[in-house]
>>> print(open('entry_31.txt').read())   # compact mmCIF, C-alpha atoms
# COMPACT_ATOMS: atom_id res chain seq x y z
CA MET A 27 22.95 -89.25 -57.90
CA ASN A 28 23.54 -86.70 -55.22
CA THR A 29 26.73 -87.63 -53.46
CA GLU A 30 26.62 -84.71 -51.04
CA THR A 31 24.26 -86.48 -48.73
CA THR A 32 23.95 -84.51 -45.57
CA THR A 33 22.76 -86.14 -42.45
CA SER A 34 24.66 -85.62 -39.28
CA GLU A 35 25.28 -89.28 -38.53
CA TYR A 36 26.98 -92.01 -40.47
CA ILE A 37 27.70 -95.57 -39.49
CA LEU A 38 31.05 -97.09 -40.39
CA LEU A 39 30.82 -100.87 -40.62
CA PHE A 40 34.22 -102.56 -40.38
CA ARG A 41 34.26 -105.67 -42.52
CA GLY A 42 36.84 -108.42 -42.28
CA ALA A 43 37.40 -109.32 -38.63
CA GLN A 44 40.46 -111.51 -39.10
CA TRP A 45 42.89 -109.00 -40.56
CA ASP A 46 45.41 -109.62 -37.79
CA ARG A 47 46.09 -113.22 -38.81
CA GLY A 48 49.53 -113.52 -40.32
CA LEU A 49 50.96 -110.38 -38.73
CA SER A 50 53.95 -110.59 -36.43
CA THR A 51 53.59 -109.43 -32.83
CA ASP A 52 55.43 -106.20 -33.65
CA GLU A 53 53.30 -105.48 -36.69
CA LEU A 54 50.16 -106.22 -34.74
CA GLN A 55 51.22 -104.03 -31.83
CA GLN A 56 51.99 -101.16 -34.19
CA ALA A 57 48.71 -101.60 -36.01
CA MET A 58 46.76 -101.63 -32.75
CA ASP A 59 48.58 -98.52 -31.52
CA LYS A 60 47.65 -96.75 -34.75
CA VAL A 61 44.04 -97.86 -34.45
CA MET A 62 43.82 -96.62 -30.87
CA ALA A 63 45.44 -93.29 -31.80
CA TRP A 64 43.04 -92.92 -34.74
CA PHE A 65 40.10 -93.64 -32.49
CA GLU A 66 41.25 -91.28 -29.73
CA GLY A 67 41.87 -88.51 -32.26
CA LEU A 68 38.30 -88.76 -33.56
CA ASN A 69 36.94 -89.01 -30.06
CA GLU A 70 38.76 -85.87 -28.91
CA ARG A 71 37.29 -83.98 -31.85
CA GLY A 72 33.82 -85.09 -30.77
CA LYS A 73 33.26 -87.09 -33.93
CA ILE A 74 32.30 -90.39 -32.34
CA LYS A 75 28.81 -90.94 -31.08
CA SER A 76 29.30 -94.60 -30.26
CA ALA A 77 31.53 -97.47 -31.28
CA GLN A 78 31.74 -101.14 -30.37
CA PRO A 79 33.49 -104.25 -31.49
CA LEU A 80 31.17 -107.20 -32.09
CA GLY A 81 31.66 -110.70 -30.74
CA GLY A 82 32.44 -113.39 -33.28
CA GLN A 83 29.64 -115.63 -32.12
CA GLY A 84 26.07 -114.84 -33.03
CA ARG A 85 23.00 -116.13 -34.83
CA VAL A 86 21.24 -115.45 -38.08
CA ILE A 87 17.44 -115.56 -37.97
CA SER A 88 15.23 -115.90 -41.03
CA GLY A 89 11.87 -117.20 -42.20
CA THR A 90 8.33 -116.51 -41.04
CA ASP A 91 8.21 -116.19 -37.25
CA GLY A 92 11.95 -116.70 -37.20
CA ARG A 93 11.72 -120.43 -37.76
CA PHE A 94 15.32 -120.69 -38.98
CA VAL A 95 18.04 -119.92 -36.48
CA VAL A 96 21.58 -120.74 -37.56
CA ASP A 97 24.99 -120.10 -36.09
CA GLY A 98 26.76 -117.25 -37.71
CA PRO A 99 27.73 -114.84 -39.00
CA PHE A 100 30.94 -116.17 -40.34
CA THR A 101 33.70 -114.07 -38.99
CA GLU A 102 36.26 -115.90 -41.09
CA THR A 103 34.83 -114.21 -44.15
CA LYS A 104 35.94 -110.85 -45.46
CA GLU A 105 32.38 -109.61 -45.45
CA ALA A 106 31.63 -110.26 -41.78
CA VAL A 107 31.10 -107.12 -39.74
CA GLY A 108 33.63 -107.02 -36.89
CA GLY A 109 32.59 -103.73 -35.37
CA TYR A 110 31.01 -100.39 -36.02
CA LEU A 111 31.37 -96.72 -35.31
CA VAL A 112 28.63 -94.09 -35.38
CA LEU A 113 30.24 -90.94 -36.68
CA GLN A 114 29.12 -87.33 -36.52
CA ALA A 115 29.98 -85.76 -39.84
CA GLU A 116 28.69 -82.93 -42.00
CA THR A 117 28.64 -84.81 -45.28
CA LEU A 118 29.09 -88.25 -46.76
CA ASN A 119 32.42 -87.03 -48.15
CA GLU A 120 33.64 -86.12 -44.69
CA ALA A 121 32.60 -89.55 -43.41
CA VAL A 122 34.41 -91.20 -46.33
CA GLU A 123 37.57 -89.21 -45.55
CA VAL A 124 37.45 -90.45 -41.97
CA ALA A 125 37.03 -94.01 -43.26
CA ARG A 126 40.03 -93.53 -45.56
CA SER A 127 42.19 -92.61 -42.59
CA MET A 128 41.41 -95.92 -40.87
CA PRO A 129 44.79 -97.64 -40.23
CA THR A 130 43.79 -101.27 -40.88
CA LEU A 131 42.71 -100.76 -44.49
CA ARG A 132 46.21 -101.83 -45.52
CA TYR A 133 45.64 -105.21 -43.86
CA GLY A 134 42.50 -105.95 -45.84
CA VAL A 135 39.75 -104.46 -43.70
CA SER A 136 37.10 -102.62 -45.68
CA VAL A 137 34.84 -99.94 -44.31
CA GLU A 138 31.24 -99.51 -45.35
CA VAL A 139 30.03 -95.94 -44.86
CA ARG A 140 26.26 -95.51 -44.61
CA PRO A 141 24.13 -92.48 -43.80
CA ILE A 142 21.86 -93.09 -40.82
CA LEU A 143 18.26 -92.15 -41.50
CA ALA A 144 15.67 -90.74 -39.17
CA GLU A 145 12.96 -92.39 -41.21
CA CYS A 146 12.67 -95.82 -42.80
CA PRO A 147 13.38 -95.89 -46.57
CA ILE A 148 10.33 -98.08 -47.11
CA ILE A 149 8.26 -95.25 -45.73
CA GLN A 150 10.08 -92.80 -48.00
CA ARG A 151 9.24 -94.96 -51.02
CA HIS A 152 5.58 -95.10 -50.04
CA PRO A 153 4.76 -91.77 -48.43
CA GLU A 154 1.04 -92.36 -48.84
CA LEU A 155 1.21 -95.20 -46.30
CA VAL A 156 3.12 -93.49 -43.63
CA ARG A 157 0.86 -91.00 -42.13
CA ARG A 158 -1.86 -93.52 -41.64
CA ALA A 159 0.48 -96.22 -40.42
CA ILE A 160 2.47 -94.32 -37.90
CA HIS A 161 0.62 -91.25 -36.93
CA PRO A 162 -3.03 -92.26 -36.94
CA VAL A 163 -3.82 -89.75 -34.22
CA ALA A 164 -1.89 -86.95 -35.92
CA GLU A 165 -3.64 -87.83 -39.16
CA GLN A 166 -7.02 -87.56 -37.51
CA LEU A 167 -6.06 -84.20 -36.06
CA LEU A 168 -4.91 -82.96 -39.46
CA VAL A 169 -8.15 -84.11 -41.04
CA ALA A 170 -10.12 -82.47 -38.26
CA ALA A 171 -8.12 -79.26 -38.59
CA ALA A 172 -8.63 -79.18 -42.36
CA ALA A 173 -12.40 -79.72 -42.04
CA MET B 25 32.09 -121.63 -26.73
CA SER B 26 28.35 -121.38 -27.07
CA THR B 27 26.94 -119.33 -24.24
CA THR B 28 27.63 -115.71 -23.64
CA THR B 29 26.38 -113.65 -20.73
CA LYS B 30 26.80 -110.31 -22.45
CA SER B 31 23.75 -108.16 -22.11
CA ASP B 32 24.12 -105.99 -25.22
CA TYR B 33 23.30 -107.26 -28.67
CA LEU B 34 23.08 -105.68 -32.08
CA LEU B 35 20.32 -106.78 -34.44
CA LEU B 36 21.37 -106.17 -38.04
CA PHE B 37 18.46 -106.25 -40.49
CA ARG B 38 19.59 -107.67 -43.79
CA GLY B 39 17.86 -107.34 -47.12
CA ASN B 40 16.35 -104.13 -48.41
CA VAL B 41 14.28 -105.36 -51.34
CA TRP B 42 11.77 -107.54 -49.53
CA ASP B 43 9.12 -104.82 -49.53
CA ARG B 44 9.04 -104.41 -53.31
CA GLU B 45 6.47 -107.11 -54.05
CA LEU B 46 4.10 -106.36 -51.22
CA SER B 47 0.61 -104.98 -51.66
CA ALA B 48 -0.27 -101.63 -50.13
CA ALA B 49 -2.17 -103.40 -47.37
CA GLN B 50 0.72 -105.76 -46.58
CA LEU B 51 3.15 -102.86 -46.61
CA GLN B 52 0.92 -100.83 -44.35
CA LYS B 53 0.75 -103.71 -41.90
CA VAL B 54 4.46 -104.54 -41.85
CA VAL B 55 5.46 -100.89 -41.42
CA SER B 56 3.06 -100.28 -38.56
CA ASP B 57 3.93 -103.65 -36.96
CA TRP B 58 7.62 -102.77 -37.18
CA MET B 59 7.12 -99.37 -35.57
CA ALA B 60 4.93 -100.87 -32.83
CA TRP B 61 7.58 -103.55 -32.20
CA PHE B 62 10.33 -100.92 -31.94
CA GLU B 63 8.25 -98.71 -29.63
CA ARG B 64 7.33 -101.66 -27.42
CA LEU B 65 10.96 -102.78 -27.06
CA LYS B 66 11.98 -99.23 -26.17
CA ALA B 67 9.15 -98.95 -23.63
CA GLU B 68 10.24 -102.25 -22.08
CA GLY B 69 13.79 -100.93 -21.79
CA LYS B 70 15.11 -103.65 -24.07
CA CYS B 71 16.06 -101.47 -26.99
CA ALA B 72 18.40 -98.53 -26.49
CA GLY B 73 17.94 -97.29 -30.04
CA GLY B 74 17.89 -98.16 -33.67
CA HIS B 75 18.00 -96.61 -37.10
CA PRO B 76 17.35 -97.41 -40.70
CA LEU B 77 20.26 -96.83 -43.07
CA GLU B 78 20.12 -95.08 -46.40
CA ASP B 79 20.51 -97.33 -49.45
CA GLU B 80 23.35 -95.23 -50.78
CA GLY B 81 26.79 -95.18 -49.24
CA LYS B 82 30.44 -95.97 -49.96
CA VAL B 83 32.89 -98.78 -49.40
CA VAL B 84 36.48 -97.86 -48.58
CA SER B 85 39.16 -100.52 -48.99
CA GLY B 86 42.77 -101.38 -49.72
CA LYS B 87 46.17 -99.80 -49.29
CA GLN B 88 45.21 -97.29 -51.97
CA ARG B 89 42.16 -96.38 -49.92
CA MET B 90 39.82 -96.80 -52.84
CA VAL B 91 36.33 -95.46 -52.54
CA ALA B 92 33.53 -97.27 -54.36
CA ASP B 93 29.78 -96.87 -54.45
CA GLY B 94 28.24 -99.50 -52.25
CA PRO B 95 25.95 -102.13 -53.78
CA PHE B 96 23.30 -101.53 -51.17
CA ALA B 97 20.30 -100.70 -53.31
CA GLU B 98 19.22 -104.19 -54.34
CA SER B 99 20.64 -106.87 -52.14
CA LYS B 100 19.52 -109.62 -49.81
CA GLU B 101 22.68 -109.22 -47.74
CA ALA B 102 22.75 -105.43 -47.47
CA ILE B 103 22.20 -104.10 -43.99
CA GLY B 104 19.10 -101.95 -44.01
CA GLY B 105 19.06 -100.95 -40.37
CA TYR B 106 19.83 -101.98 -36.82
CA PHE B 107 18.54 -102.14 -33.23
CA TYR B 108 20.76 -101.95 -30.16
CA LEU B 109 19.36 -104.35 -27.54
CA THR B 110 20.02 -104.55 -23.83
CA VAL B 111 18.69 -107.90 -22.69
CA ALA B 112 19.34 -110.69 -20.20
CA ASP B 113 21.04 -113.14 -22.52
CA GLU B 114 21.45 -114.38 -26.06
CA ASN B 115 18.22 -116.36 -25.95
CA GLU B 116 16.24 -113.24 -25.22
CA ALA B 117 17.95 -111.43 -28.09
CA ILE B 118 17.09 -114.34 -30.41
CA GLU B 119 13.48 -114.39 -29.22
CA ILE B 120 13.22 -110.67 -29.97
CA ALA B 121 14.81 -111.17 -33.40
CA LYS B 122 12.18 -113.82 -34.15
CA GLN B 123 9.49 -111.17 -33.67
CA CYS B 124 10.80 -109.07 -36.56
CA PRO B 125 7.79 -108.34 -38.82
CA GLY B 126 9.92 -108.43 -41.98
CA LEU B 127 10.93 -112.09 -41.53
CA GLU B 128 7.93 -113.53 -43.32
CA TYR B 129 8.78 -111.47 -46.39
CA GLY B 130 12.42 -112.53 -46.55
CA SER B 131 14.17 -110.10 -44.25
CA VAL B 132 17.06 -111.71 -42.30
CA VAL B 133 18.15 -110.68 -38.81
CA GLU B 134 21.73 -111.08 -37.64
CA VAL B 135 22.12 -111.20 -33.85
CA ARG B 136 25.57 -110.18 -32.61
CA PRO B 137 26.87 -109.79 -29.07
CA VAL B 138 28.47 -106.42 -28.48
CA ALA B 139 31.99 -106.99 -27.14
CA ASP B 140 33.66 -104.99 -24.39
CA VAL B 141 37.09 -105.48 -25.80
CA CYS B 142 38.12 -105.87 -29.40
CA SER B 143 39.02 -109.51 -30.08
CA ILE B 144 42.06 -108.43 -32.09
CA LYS B 145 43.31 -106.32 -29.20
CA GLU B 146 42.92 -109.39 -26.98
CA ARG B 147 44.87 -111.49 -29.45
CA ALA B 148 47.58 -108.82 -29.64
CA GLU B 149 47.92 -108.89 -25.86
CA GLU B 150 47.95 -112.67 -25.89
CA TYR B 151 50.79 -112.70 -28.45
CA SER B 152 52.79 -110.21 -26.40
CA LYS B 153 52.39 -112.30 -23.25
CA ARG B 154 53.46 -115.44 -25.06
CA GLU B 155 56.49 -113.70 -26.50
CA LEU B 156 57.46 -112.34 -23.10
CA ALA B 157 57.13 -115.82 -21.61
CA ALA B 158 59.24 -117.28 -24.40
CA ALA B 159 61.90 -114.60 -23.89
CA ARG B 160 62.06 -115.38 -20.17
CA ALA B 161 62.31 -119.13 -20.72
>>> encode(input="entry_31.txt", output="structure tokens")
Amino acid sequence: MNTETTTSEYILLFRGAQWDRGLSTDELQQAMDKVMAWFEGLNERGKIKSAQPLGGQGRVISGTDGRFVVDGPFTETKEAVGGYLVLQAETLNEAVEVARSMPTLRYGVSVEVRPILAECPIIQRHPELVRRAIHPVAEQLLVAAAA
Amino acid sequence: MSTTTKSDYLLLFRGNVWDRELSAAQLQKVVSDWMAWFERLKAEGKCAGGHPLEDEGKVVSGKQRMVADGPFAESKEAIGGYFYLTVADENEAIEIAKQCPGLEYGSVVEVRPVADVCSIKERAEEYSKRELAAARA
């Protein structure tokens, strides 16, 4: 597997939104100061495209026509996404190094690092579908040009 | 706490194996429906952007800052992509989520309000205030 994925954008998904529980006020203050300094440092270097915390409330929709709507996600769990950051980086390794410098890892937060794609992976798996599905006009032009 | 007046929501599309069993015709339809849905939301000014995510990636965790390959390739929970919505309220975000063309094949959409301020930062400030008050008392 090629680990040197190169796209210019990566999303960091911060999982585990309750890492602050159990910390003293001092510890929490220090942790937050470190997080803010980390964030500002990346921002000054132009590495951050966007970043937002997510609210704990929300809904999960599933089933045909979205017939199931349940409260969630479950921010008490370690897997729940508490926020995200869209990072400009040259390689997956660079994005991973940024994730490794995230100050709250020591409190149990984990960071998922994912390359952002310009094109849907379903389309990549089925290239024969794409052109017809998405660029019917372009396809017609290509056919016309080839004729 | 059930209503929120925030206007920005993130739709997280979960599950990246639901397309595997589909016929070419079904796949063709769901892909073009999805693109049309995305383009319509953008044209209506309700979607500021969105991207699919690559199946590969890494998970970083722990004091030792361990790096592991992510189990994103074959999972119902894996996040396969996202839309950033700007809408009137949560109900509108939910109604849009219900239009997701992948739902009938098992895709799941998580709707999350985008927060202005990190909830942990708020809690940290709350603790500090309480401690100050206690110190004054």
>>> closest_residue(input="entry_31.txt", among="A:Lys73, A:Arg132, A:Arg85, A:Arg151", to="Glu116 (chain A)", atoms="only C-alpha atoms")
A:Lys73
>>> interface_residues(input="entry_31.txt", of="chain B", to="chain A", cutoff="6 Å", atoms="all atoms listed in the file", output="MDAnalysis selection string")
chainID B and resid 52 56 76:78 81:87 89 122 127:128 132:139 142
>>> atom_distance(input="entry_31.txt", atom1="CA of Phe96 (chain B)", atom2="CA of Gln114 (chain A)")
21.2 Å
>>> atom_distance(input="entry_31.txt", atom1="CA of Cys71 (chain B)", atom2="CA of Phe65 (chain A)")
25.9 Å
>>> atom_distance(input="entry_31.txt", atom1="CA of Gly48 (chain A)", atom2="CA of Ala148 (chain B)")
11.8 Å
>>> axis_aligned_box(input="entry_31.txt", around="region 142-156 of chain B", padding_each_side="6 Å", output="AutoDock Vina command-line options")
--center_x 47.8 --center_y -110.7 --center_z -27.6 --size_x 31.3 --size_y 21.6 --size_z 21.0
>>> closest_residue(input="entry_31.txt", among="B:Lys145, B:Arg160, B:Lys66, B:Arg154", to="Lys60 (chain A)", atoms="all atoms listed in the file")
B:Lys145
>>> closest_residue(input="entry_31.txt", among="B:Ile120, B:Arg64, B:Lys153, B:Tyr129", to="Arg44 (chain B)", atoms="all atoms listed in the file")
B:Tyr129
>>> closest_residue(input="entry_31.txt", among="B:Gly39, B:Gly69, B:Gly105, B:Gly94", to="Gly130 (chain B)", atoms="all atoms listed in the file")
B:Gly39
